[in-house]
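S.K.: File follows, data_4.csv with CSV, C-alpha atoms:
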```csv
chain,number,residue,atom,x,y,z
R,1,MET,CA,-15.8,-2.1,-5.3
R,2,THR,CA,-12.4,-0.6,-4.4
R,3,ASP,CA,-8.9,-2.1,-4.6
R,4,HIS,CA,-9.4,-2.9,-0.9
R,5,ASP,CA,-12.6,-4.7,-1.7
R,6,VAL,CA,-10.8,-6.7,-4.4
R,7,GLY,CA,-8.2,-7.7,-1.7
R,8,GLN,CA,-11.1,-8.7,0.6
R,9,VAL,CA,-12.6,-10.9,-2.1
R,10,GLY,CA,-9.2,-12.7,-2.4
R,11,GLU,CA,-9.1,-13.2,1.4
R,12,ARG,CA,-12.7,-14.5,1.4
R,13,ILE,CA,-11.8,-17.0,-1.4
R,14,GLU,CA,-8.9,-18.2,0.7
R,15,GLN,CA,-11.1,-18.5,3.8
R,16,LEU,CA,-13.8,-20.4,1.9
R,17,LEU,CA,-11.2,-22.8,0.5
R,18,GLY,CA,-9.8,-23.4,4.0
R,19,GLU,CA,-13.2,-24.1,5.3
R,20,LEU,CA,-13.9,-26.6,2.5
R,21,ALA,CA,-10.6,-28.3,3.3
R,22,ALA,CA,-11.5,-28.5,7.0
R,23,GLU,CA,-15.1,-29.7,6.5
R,24,ALA,CA,-15.0,-31.7,3.3
R,25,GLY,CA,-11.4,-32.8,3.0
R,26,SER,CA,-8.5,-32.0,0.7
R,27,THR,CA,-10.0,-33.6,-2.4
R,28,VAL,CA,-13.0,-31.3,-2.4
R,29,ALA,CA,-10.8,-28.3,-1.5
R,30,ASP,CA,-8.4,-29.2,-4.3
R,31,ARG,CA,-11.3,-29.3,-6.8
R,32,ALA,CA,-12.6,-26.0,-5.5
R,33,GLU,CA,-9.2,-24.4,-5.8
R,34,ASP,CA,-8.9,-25.8,-9.4
R,35,LEU,CA,-12.3,-24.3,-10.1
R,36,VAL,CA,-11.2,-20.8,-8.8
R,37,ARG,CA,-8.0,-21.0,-10.8
R,38,THR,CA,-9.8,-22.0,-14.0
R,39,LEU,CA,-12.3,-19.1,-13.6
R,40,LEU,CA,-9.5,-16.7,-13.0
R,41,GLU,CA,-7.6,-17.9,-16.1
R,42,PHE,CA,-10.9,-17.7,-18.1
R,43,TYR,CA,-11.6,-14.1,-17.1
R,44,GLY,CA,-8.0,-13.2,-17.4
R,45,ALA,CA,-7.9,-14.4,-21.0
R,46,GLY,CA,-11.0,-12.3,-21.8
R,47,LEU,CA,-9.4,-9.3,-20.1
R,48,THR,CA,-6.2,-9.9,-22.1
R,49,THR,CA,-8.2,-9.8,-25.3
R,50,ILE,CA,-10.0,-6.6,-24.4
R,51,VAL,CA,-6.8,-4.9,-23.4
R,52,SER,CA,-5.1,-6.0,-26.7
R,53,VAL,CA,-8.0,-4.6,-28.8
R,54,LEU,CA,-8.0,-1.4,-26.8
R,55,ARG,CA,-4.2,-0.9,-27.4
R,56,GLU,CA,-4.6,-1.1,-31.2
R,57,ASP,CA,-5.5,2.6,-31.5
R,58,VAL,CA,-5.1,5.9,-29.7
R,59,ALA,CA,-8.8,6.1,-28.7
R,60,GLY,CA,-8.7,2.6,-27.3
R,61,GLU,CA,-5.5,3.4,-25.3
R,62,ALA,CA,-7.2,6.5,-23.8
R,63,LEU,CA,-10.3,4.4,-22.9
R,64,LEU,CA,-8.0,1.8,-21.3
R,65,GLU,CA,-6.3,4.6,-19.2
R,66,ARG,CA,-9.8,5.8,-18.2
R,67,LEU,CA,-10.9,2.2,-17.2
R,68,ALA,CA,-7.7,1.7,-15.2
R,69,GLY,CA,-8.7,4.7,-13.2
R,70,ASP,CA,-11.7,2.8,-11.8
R,71,ASP,CA,-10.9,1.1,-8.5
R,72,HIS,CA,-12.5,-2.2,-9.4
R,73,VAL,CA,-11.1,-2.4,-13.0
R,74,ARG,CA,-7.7,-1.3,-11.7
R,75,GLY,CA,-7.7,-4.2,-9.3
R,76,LEU,CA,-8.6,-6.7,-12.0
R,77,LEU,CA,-6.0,-5.3,-14.4
R,78,VAL,CA,-3.3,-5.5,-11.7
R,79,LEU,CA,-4.4,-9.0,-10.8
R,80,HIS,CA,-3.9,-10.2,-14.4
R,81,ASP,CA,-0.8,-8.1,-14.9
R,82,LEU,CA,-2.6,-6.0,-17.6
R,83,HIS,CA,-2.5,-2.5,-16.1
R,84,PRO,CA,-1.3,0.0,-18.7
R,85,LYS,CA,1.1,1.6,-16.3
R,86,SER,CA,4.0,-0.1,-14.6
R,87,THR,CA,4.0,-0.5,-10.8
R,88,LEU,CA,6.8,2.0,-10.6
R,89,ASP,CA,4.9,4.6,-12.6
R,90,ARG,CA,1.8,4.1,-10.4
R,91,VAL,CA,3.9,4.4,-7.3
R,92,THR,CA,5.5,7.6,-8.6
R,93,GLU,CA,2.1,9.1,-9.4
R,94,ALA,CA,0.9,8.2,-5.9
R,95,LEU,CA,3.9,9.7,-4.2
R,96,ASP,CA,3.2,12.9,-6.2
R,97,GLU,CA,-0.1,13.1,-4.4
R,98,VAL,CA,1.6,13.2,-0.9
R,99,ARG,CA,4.5,15.5,-1.9
R,100,PRO,CA,2.6,18.7,-1.2
R,101,TYR,CA,2.0,17.5,2.4
R,102,LEU,CA,5.6,16.4,2.8
R,103,GLY,CA,6.8,19.7,1.3
R,104,SER,CA,4.8,21.6,3.9
R,105,HIS,CA,7.1,19.9,6.5
R,106,SER,CA,10.2,20.7,4.4
R,107,GLY,CA,10.4,17.0,3.4
R,108,ASP,CA,10.2,14.7,0.4
R,109,VAL,CA,10.3,11.0,-0.3
R,110,ASP,CA,12.6,9.1,-2.7
R,111,ILE,CA,12.0,5.7,-4.3
R,112,VAL,CA,14.9,3.4,-3.4
R,113,GLY,CA,13.5,0.5,-5.4
R,114,ILE,CA,11.1,-2.5,-5.6
R,115,ASP,CA,12.8,-5.8,-4.9
R,116,ALA,CA,12.0,-9.2,-6.5
R,117,GLU,CA,9.6,-10.0,-3.6
R,118,GLY,CA,7.5,-6.9,-4.4
R,119,VAL,CA,8.7,-4.8,-1.4
R,120,LEU,CA,8.8,-1.1,-2.2
R,121,ARG,CA,11.6,0.7,-0.4
R,122,LEU,CA,11.3,4.5,0.2
R,123,GLN,CA,13.5,7.1,1.9
R,124,LEU,CA,12.2,10.2,3.6
R,125,GLN,CA,14.2,13.3,3.0
R,126,GLY,CA,14.5,16.7,4.6
R,127,THR,CA,13.1,17.6,8.0
R,128,CYS,CA,10.6,14.8,7.9
R,129,ASP,CA,13.5,12.5,8.3
R,130,GLY,CA,14.1,12.3,12.1
R,131,CYS,CA,10.9,14.1,13.3
R,132,PRO,CA,8.7,11.6,15.1
R,133,SER,CA,5.5,13.6,14.9
R,134,SER,CA,5.5,14.3,11.2
R,135,THR,CA,7.2,11.0,10.0
R,136,VAL,CA,4.6,8.7,11.5
R,137,THR,CA,1.8,10.8,9.8
R,138,ALA,CA,3.8,10.9,6.5
R,139,LYS,CA,4.5,7.2,6.6
R,140,LEU,CA,0.8,6.4,7.0
R,141,ALA,CA,-0.2,8.8,4.2
R,142,ILE,CA,2.5,7.4,1.9
R,143,GLU,CA,1.5,3.8,2.6
R,144,ARG,CA,-2.2,4.5,2.0
R,145,VAL,CA,-1.7,6.1,-1.4
R,146,VAL,CA,0.9,3.6,-2.5
R,147,ARG,CA,-1.2,0.6,-1.5
R,148,GLU,CA,-4.2,2.1,-3.4
R,149,ALA,CA,-2.1,2.6,-6.5
R,150,ALA,CA,-0.2,-0.7,-6.4
R,151,PRO,CA,-2.0,-3.3,-4.4
R,152,GLU,CA,0.3,-6.0,-5.9
R,153,LEU,CA,3.2,-4.7,-3.6
R,154,THR,CA,3.8,-7.1,-0.7
R,155,ASP,CA,5.2,-4.4,1.6
R,156,VAL,CA,6.1,-0.7,1.8
R,157,VAL,CA,9.2,0.1,3.8
R,158,VAL,CA,9.7,3.8,4.6
R,159,ALA,CA,13.2,4.5,5.9
R,160,GLY,CA,13.8,7.7,7.9
R,161,VAL,CA,10.8,7.1,10.2
R,162,VAL,CA,11.7,7.7,13.8
R,163,PRO,CA,9.7,5.5,16.2
R,164,GLU,CA,7.8,7.4,18.8
R,165,GLN,CA,9.4,7.0,22.3
R,166,THR,CA,7.0,6.0,25.0
R,167,GLY,CA,7.2,6.1,28.7
R,168,PRO,CA,5.3,4.3,31.5
R,169,GLY,CA,1.7,3.6,30.5
R,170,GLY,CA,2.6,4.0,26.8
R,171,ARG,CA,2.4,7.8,26.9
R,172,PRO,CA,4.6,9.6,24.4
R,173,LEU,CA,7.8,11.1,25.8
R,174,LEU,CA,8.6,14.7,25.0
R,175,PRO,CA,12.0,15.5,23.6
R,176,LEU,CA,14.4,16.8,26.3
R,177,GLU,CA,14.8,20.2,24.7
R,178,ALA,CA,11.1,20.8,24.9
R,179,VAL,CA,10.9,20.4,28.7
R,180,GLU,CA,11.5,23.4,30.9
R,181,PRO,CA,14.1,22.7,33.7
R,182,LEU,CA,12.4,22.1,37.0
R,183,GLU,CA,13.6,23.7,40.3
R,184,CYS,CA,14.7,21.3,43.0
R,185,PRO,CA,12.2,21.4,45.9
R,186,VAL,CA,15.0,20.6,48.4
R,187,PRO,CA,17.1,23.6,49.4
R,188,VAL,CA,20.8,23.3,48.3
R,189,GLU,CA,22.0,23.3,52.0
R,190,GLN,CA,19.9,20.2,52.8
R,191,ALA,CA,20.8,18.3,49.7
```
Please express what this file holds, its structure, as structure tokens.
M.R.:
Amino acid sequence: MTDHDVGQVGERIEQLLGELAAEAGSTVADRAEDLVRTLLEFYGAGLTTIVSVLREDVAGEALLERLAGDDHVRGLLVLHDLHPKSTLDRVTEALDEVRPYLGSHSGDVDIVGIDAEGVLRLQLQGTCDGCPSSTVTAKLAIERVVREAAPELTDVVVAGVVPEQTGPGGRPLLPLEAVEPLECPVPVEQA
């Protein structure tokens, strides 16, 4: 199971609780929600104990780091706020993965910050900032690695991304300097 799958499980739980509320009423849905919350607390308490024991020595800390590298375990550790690395550290490591790509376009990305609502704000730097073709690709790459590393973030906002201009039929427009000047088909004397 990947972090994405952990997210899908959460969505599925919400869907099932909604269906229970619609079909059986709010009393049954409330009990089911209480059951889910109780199970999460129970497993969370067990994970907390495991993490505490692992943190007692260097070998355990190394094992915890290794376990946190597993997609499924990482998702559970994040869910219960037990991941050994902070959100900011995981985001920084994820951005280091895309920096070679950004560098190939003479660009980079800076972390502006993470606000209280869990929104990560980033700023593209260099020639990636302002270039529609590379910034859209860079934004998608950045968002993918960041969401994998820190699924608890509520949003990723990348500043410096230039929206692609479109013309009739949704076709992308070329920048004016890339278009060769056309000759007027009407002779000057007739115009």
S.K.: As a ChimeraX atom specification, please: the residues near Pro100 (chain R) (cut-off 12 Å, all atoms listed in the file, same-chain neighbours under 6 positions excluded).
M.R.: /R:94,106-109,138,141-142
S.K.: Can you tell me how far CA of Gly44 (chain R) sits from CA of His80 (chain R), in Å to one decimal?
M.R.: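 Value for the CA of Gly44 (chain R)-CA of His80 (chain R) distance: 5.9 Å.
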S.K.: Counting all atoms listed in the file, write as a list of chain:residue names all protein and nucleic acid residues lying at most 8 Å from (18.8, 10.5, 0.2) in the file's frame.
M.R.: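 Here is the list of nearby residues: R:Asp110, R:Gln123, R:Leu124, R:Gln125.
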S.K.: Could you take the residues named above and write them with C-alpha atoms, as a tab-separated table (two decimals), in the frame of the given file?
M.R.:
```
chain	number	residue	atom	x	y	z
R	110	ASP	CA	12.60	9.10	-2.70
R	123	GLN	CA	13.50	7.10	1.90
R	124	LEU	CA	12.20	10.20	3.60
R	125	GLN	CA	14.20	13.30	3.00
```
S.K.: So that I can check the surroundings of region 27-31 of chain R, please list as a count of residues only every protein, DNA and RNA residue that reaches within 6 Å of it, counting all atoms listed in the file and ignoring chain neighbours fewer than 6 positions away.
M.R.: 3
S.K.: Tell me, in Å to one decimal, how far CA of Thr154 (chain R) is from CA of Val119 (chain R).
M.R.: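 Answer for the CA of Thr154 (chain R) to CA of Val119 (chain R) separation: 5.5 Å.
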S.K.: Within 7 Å of (14.9, 2.9, 5.5), in the coordinates the file gives, what residues turn up when you count only C-alpha atoms, written out as a ChimeraX atom specification?
M.R.: /R:122-123,157-160
S.K.: When distances are computed from all atoms listed in the file, which of R:Arg99, R:Ile50, R:Thr92, R:His83 shows the smallest separation from Glu65 (chain R)?
M.R.: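 Selected residue with least distance to Glu65 (chain R): R:His83.
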S.K.: Work out how far apart CA of Val136 (chain R) and CA of Tyr101 (chain R) are and give it in Å to one decimal.
M.R.: 12.9 Å
S.K.: Of the candidates R:His105, R:Arg37, R:Gly25, R:Lys139, which shows the shortest atom-to-atom distance to Ile13 (chain R), using all atoms listed in the file?
M.R.: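 Result for the nearest residue to Ile13 (chain R): R:Arg37.
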S.K.: For each of R:Val91, R:Val9, R:Ile114, R:Leu35, take the minimum atom-to-atom distance to Arg147 (chain R), counting all atoms listed in the file, then give the residue where this is smallest.
M.R.: R:Val91
S.K.: Nearest residue to Leu153 (chain R) out of R:Gly60, R:Ser104, R:Leu88, R:Glu93, using all atoms listed in the file?
M.R.: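 Nearest candidate to Leu153 (chain R) out of R:Gly60, R:Ser104, R:Leu88, R:Glu93: R:Leu88.
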S.K.: Would you mind completing region 147-158 of chain R to all heavy atoms and writing the output as a short mmCIF file (atom, residue, chain, number, x, y, z; two decimals), in the coordinates of the input?
M.R.:
```cif
data_model
loop_
_atom_site.label_atom_id
_atom_site.label_comp_id
_atom_site.auth_asym_id
_atom_site.auth_seq_id
_atom_site.Cartn_x
_atom_site.Cartn_y
_atom_site.Cartn_z
N ARG R 147 -0.49 1.83 -1.53
CA ARG R 147 -1.20 0.60 -1.50
C ARG R 147 -2.48 0.67 -2.44
O ARG R 147 -2.87 -0.31 -3.06
CB ARG R 147 -1.62 0.14 -0.14
CG ARG R 147 -0.39 -0.32 0.64
CD ARG R 147 -0.77 -0.99 1.95
NE ARG R 147 0.38 -1.28 2.76
CZ ARG R 147 1.21 -2.29 2.55
NH1 ARG R 147 1.03 -3.09 1.54
NH2 ARG R 147 2.24 -2.49 3.35
N GLU R 148 -3.09 1.86 -2.50
CA GLU R 148 -4.20 2.10 -3.40
C GLU R 148 -3.78 1.98 -4.85
O GLU R 148 -4.47 1.41 -5.69
CB GLU R 148 -4.90 3.40 -3.13
CG GLU R 148 -5.71 3.44 -1.86
CD GLU R 148 -6.25 4.83 -1.55
OE1 GLU R 148 -6.09 5.76 -2.37
OE2 GLU R 148 -6.82 5.00 -0.46
N ALA R 149 -2.63 2.55 -5.16
CA ALA R 149 -2.10 2.60 -6.50
C ALA R 149 -1.53 1.29 -6.99
O ALA R 149 -1.59 0.95 -8.17
CB ALA R 149 -1.12 3.72 -6.69
N ALA R 150 -0.91 0.56 -6.06
CA ALA R 150 -0.20 -0.70 -6.40
C ALA R 150 -0.45 -1.76 -5.41
O ALA R 150 0.43 -2.11 -4.62
CB ALA R 150 1.31 -0.36 -6.55
N PRO R 151 -1.66 -2.32 -5.42
CA PRO R 151 -2.00 -3.30 -4.40
C PRO R 151 -1.18 -4.62 -4.56
O PRO R 151 -1.17 -5.45 -3.65
CB PRO R 151 -3.49 -3.61 -4.67
CG PRO R 151 -3.74 -3.17 -6.06
CD PRO R 151 -2.77 -2.05 -6.32
N GLU R 152 -0.48 -4.77 -5.67
CA GLU R 152 0.30 -6.00 -5.90
C GLU R 152 1.61 -5.97 -5.03
O GLU R 152 2.27 -7.00 -4.87
CB GLU R 152 0.68 -6.17 -7.35
CG GLU R 152 1.66 -5.16 -7.92
CD GLU R 152 1.00 -3.89 -8.47
OE1 GLU R 152 -0.10 -3.54 -8.03
OE2 GLU R 152 1.62 -3.27 -9.34
N LEU R 153 2.00 -4.80 -4.48
CA LEU R 153 3.20 -4.70 -3.60
C LEU R 153 2.95 -5.56 -2.37
O LEU R 153 1.86 -5.53 -1.79
CB LEU R 153 3.50 -3.29 -3.25
CG LEU R 153 3.96 -2.40 -4.39
CD1 LEU R 153 4.02 -0.94 -3.94
CD2 LEU R 153 5.31 -2.84 -4.92
N THR R 154 3.98 -6.28 -1.94
CA THR R 154 3.80 -7.10 -0.70
C THR R 154 4.09 -6.32 0.53
O THR R 154 3.58 -6.69 1.59
CB THR R 154 4.78 -8.32 -0.78
OG1 THR R 154 6.13 -7.84 -0.92
CG2 THR R 154 4.44 -9.25 -1.94
N ASP R 155 4.88 -5.24 0.44
CA ASP R 155 5.20 -4.40 1.60
C ASP R 155 5.68 -3.06 1.17
O ASP R 155 6.19 -2.92 0.05
CB ASP R 155 6.20 -5.10 2.51
CG ASP R 155 6.23 -4.55 3.93
OD1 ASP R 155 5.35 -3.73 4.29
OD2 ASP R 155 7.13 -4.94 4.69
N VAL R 156 5.54 -2.08 2.03
CA VAL R 156 6.10 -0.70 1.80
C VAL R 156 6.94 -0.41 3.00
O VAL R 156 6.45 -0.35 4.13
CB VAL R 156 4.94 0.31 1.66
CG1 VAL R 156 5.52 1.69 1.44
CG2 VAL R 156 4.01 -0.07 0.51
N VAL R 157 8.24 -0.21 2.77
CA VAL R 157 9.20 0.10 3.80
C VAL R 157 9.65 1.53 3.64
O VAL R 157 10.22 1.87 2.61
CB VAL R 157 10.40 -0.87 3.81
CG1 VAL R 157 11.41 -0.50 4.88
CG2 VAL R 157 9.93 -2.31 3.97
N VAL R 158 9.36 2.37 4.65
CA VAL R 158 9.70 3.80 4.60
C VAL R 158 10.86 4.02 5.57
O VAL R 158 10.66 3.98 6.78
CB VAL R 158 8.53 4.70 4.91
CG1 VAL R 158 8.91 6.16 4.77
CG2 VAL R 158 7.33 4.36 4.03
#
```
